[in-house]
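Peer 1: My structure is below; once you've seen it, I'll send some questions.
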Amino acid sequence: MPKYSENLNLILPNENENYDVEVANMNNKIIDNKLANKVEKIARKKFIYK
């Protein structure tokens, strides 16, 4: 049974398990969602050149 990371609850497979792409993809989606919620989005500003 895999363990989970403390902060983001990512799946941490056991060392004797084979690599599973689906587990990696789920972890990447969790990280992506957390980062998207943390980053402040700045609206594009038009610059006027003189």
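Residues in the structure tokens are numbered from 1 in each chain, the chains being A, B, ... in the order shown, and ligands are numbered from 1 in the order shown.
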Report as JSON, numbers by chain all protein, DNA and RNA residues lying within 12 Å of region 10-21 of chain A, evaluated on only C-alpha atoms, omitting residues in the same chain fewer than 4 positions from it.

Peer 2: {"A": [1, 2, 3, 4, 5, 6, 25, 26, 27, 28, 29, 30, 31, 32, 34]}

Peer 1: Emit the selected residues as a PDB file, in the first residue's frame, including N, CA, C and O atoms.

Peer 2:
```pdb
ATOM      1  N   MET A   1       0.849  -1.178   0.000  1.00  0.00           N
ATOM      2  CA  MET A   1       0.000   0.000   0.000  1.00  0.00           C
ATOM      3  C   MET A   1       0.894   1.241   0.000  1.00  0.00           C
ATOM      4  O   MET A   1       1.796   1.369   0.825  1.00  0.00           O
ATOM      5  N   PRO A   2       0.646   2.176  -0.926  1.00  0.00           N
ATOM      6  CA  PRO A   2       1.495   3.369  -0.998  1.00  0.00           C
ATOM      7  C   PRO A   2       1.246   4.322   0.167  1.00  0.00           C
ATOM      8  O   PRO A   2       0.193   4.304   0.802  1.00  0.00           O
ATOM      9  N   LYS A   3       2.245   5.137   0.400  1.00  0.00           N
ATOM     10  CA  LYS A   3       2.115   6.198   1.401  1.00  0.00           C
ATOM     11  C   LYS A   3       1.785   7.482   0.662  1.00  0.00           C
ATOM     12  O   LYS A   3       1.828   7.547  -0.563  1.00  0.00           O
ATOM     13  N   TYR A   4       1.450   8.521   1.415  1.00  0.00           N
ATOM     14  CA  TYR A   4       1.107   9.805   0.826  1.00  0.00           C
ATOM     15  C   TYR A   4       1.987  10.892   1.425  1.00  0.00           C
ATOM     16  O   TYR A   4       2.323  10.854   2.607  1.00  0.00           O
ATOM     17  N   SER A   5       2.331  11.879   0.587  1.00  0.00           N
ATOM     18  CA  SER A   5       3.161  12.972   1.072  1.00  0.00           C
ATOM     19  C   SER A   5       2.377  13.817   2.066  1.00  0.00           C
ATOM     20  O   SER A   5       1.152  13.889   2.014  1.00  0.00           O
ATOM     21  N   GLU A   6       3.109  14.444   2.960  1.00  0.00           N
ATOM     22  CA  GLU A   6       2.498  15.174   4.071  1.00  0.00           C
ATOM     23  C   GLU A   6       1.735  16.425   3.629  1.00  0.00           C
ATOM     24  O   GLU A   6       0.638  16.688   4.092  1.00  0.00           O
ATOM     25  N   ASN A  25       0.893  10.918 -13.335  1.00  0.00           N
ATOM     26  CA  ASN A  25      -0.025  11.904 -13.905  1.00  0.00           C
ATOM     27  C   ASN A  25      -0.943  12.492 -12.844  1.00  0.00           C
ATOM     28  O   ASN A  25      -1.206  13.698 -12.839  1.00  0.00           O
ATOM     29  N   MET A  26      -1.435  11.672 -11.935  1.00  0.00           N
ATOM     30  CA  MET A  26      -2.293  12.179 -10.855  1.00  0.00           C
ATOM     31  C   MET A  26      -1.516  13.149  -9.971  1.00  0.00           C
ATOM     32  O   MET A  26      -2.024  14.202  -9.603  1.00  0.00           O
ATOM     33  N   ASN A  27      -0.273  12.790  -9.631  1.00  0.00           N
ATOM     34  CA  ASN A  27       0.556  13.670  -8.816  1.00  0.00           C
ATOM     35  C   ASN A  27       0.810  14.992  -9.535  1.00  0.00           C
ATOM     36  O   ASN A  27       0.754  16.059  -8.926  1.00  0.00           O
ATOM     37  N   ASN A  28       1.083  14.920 -10.839  1.00  0.00           N
ATOM     38  CA  ASN A  28       1.326  16.146 -11.612  1.00  0.00           C
ATOM     39  C   ASN A  28       0.092  17.034 -11.661  1.00  0.00           C
ATOM     40  O   ASN A  28       0.200  18.260 -11.581  1.00  0.00           O
ATOM     41  N   LYS A  29      -1.081  16.452 -11.769  1.00  0.00           N
ATOM     42  CA  LYS A  29      -2.319  17.234 -11.783  1.00  0.00           C
ATOM     43  C   LYS A  29      -2.542  17.925 -10.441  1.00  0.00           C
ATOM     44  O   LYS A  29      -2.967  19.082 -10.395  1.00  0.00           O
ATOM     45  N   ILE A  30      -2.238  17.239  -9.358  1.00  0.00           N
ATOM     46  CA  ILE A  30      -2.375  17.832  -8.022  1.00  0.00           C
ATOM     47  C   ILE A  30      -1.442  19.028  -7.891  1.00  0.00           C
ATOM     48  O   ILE A  30      -1.841  20.109  -7.447  1.00  0.00           O
ATOM     49  N   ILE A  31      -0.195  18.858  -8.301  1.00  0.00           N
ATOM     50  CA  ILE A  31       0.794  19.931  -8.221  1.00  0.00           C
ATOM     51  C   ILE A  31       0.364  21.105  -9.097  1.00  0.00           C
ATOM     52  O   ILE A  31       0.416  22.268  -8.682  1.00  0.00           O
ATOM     53  N   ASP A  32      -0.089  20.809 -10.309  1.00  0.00           N
ATOM     54  CA  ASP A  32      -0.516  21.849 -11.237  1.00  0.00           C
ATOM     55  C   ASP A  32      -1.675  22.662 -10.657  1.00  0.00           C
ATOM     56  O   ASP A  32      -1.675  23.893 -10.715  1.00  0.00           O
ATOM     57  N   LYS A  34      -2.515  23.030  -7.462  1.00  0.00           N
ATOM     58  CA  LYS A  34      -2.062  23.802  -6.299  1.00  0.00           C
ATOM     59  C   LYS A  34      -1.309  25.044  -6.745  1.00  0.00           C
ATOM     60  O   LYS A  34      -1.498  26.128  -6.191  1.00  0.00           O
TER      61      LYS A  34
END
```
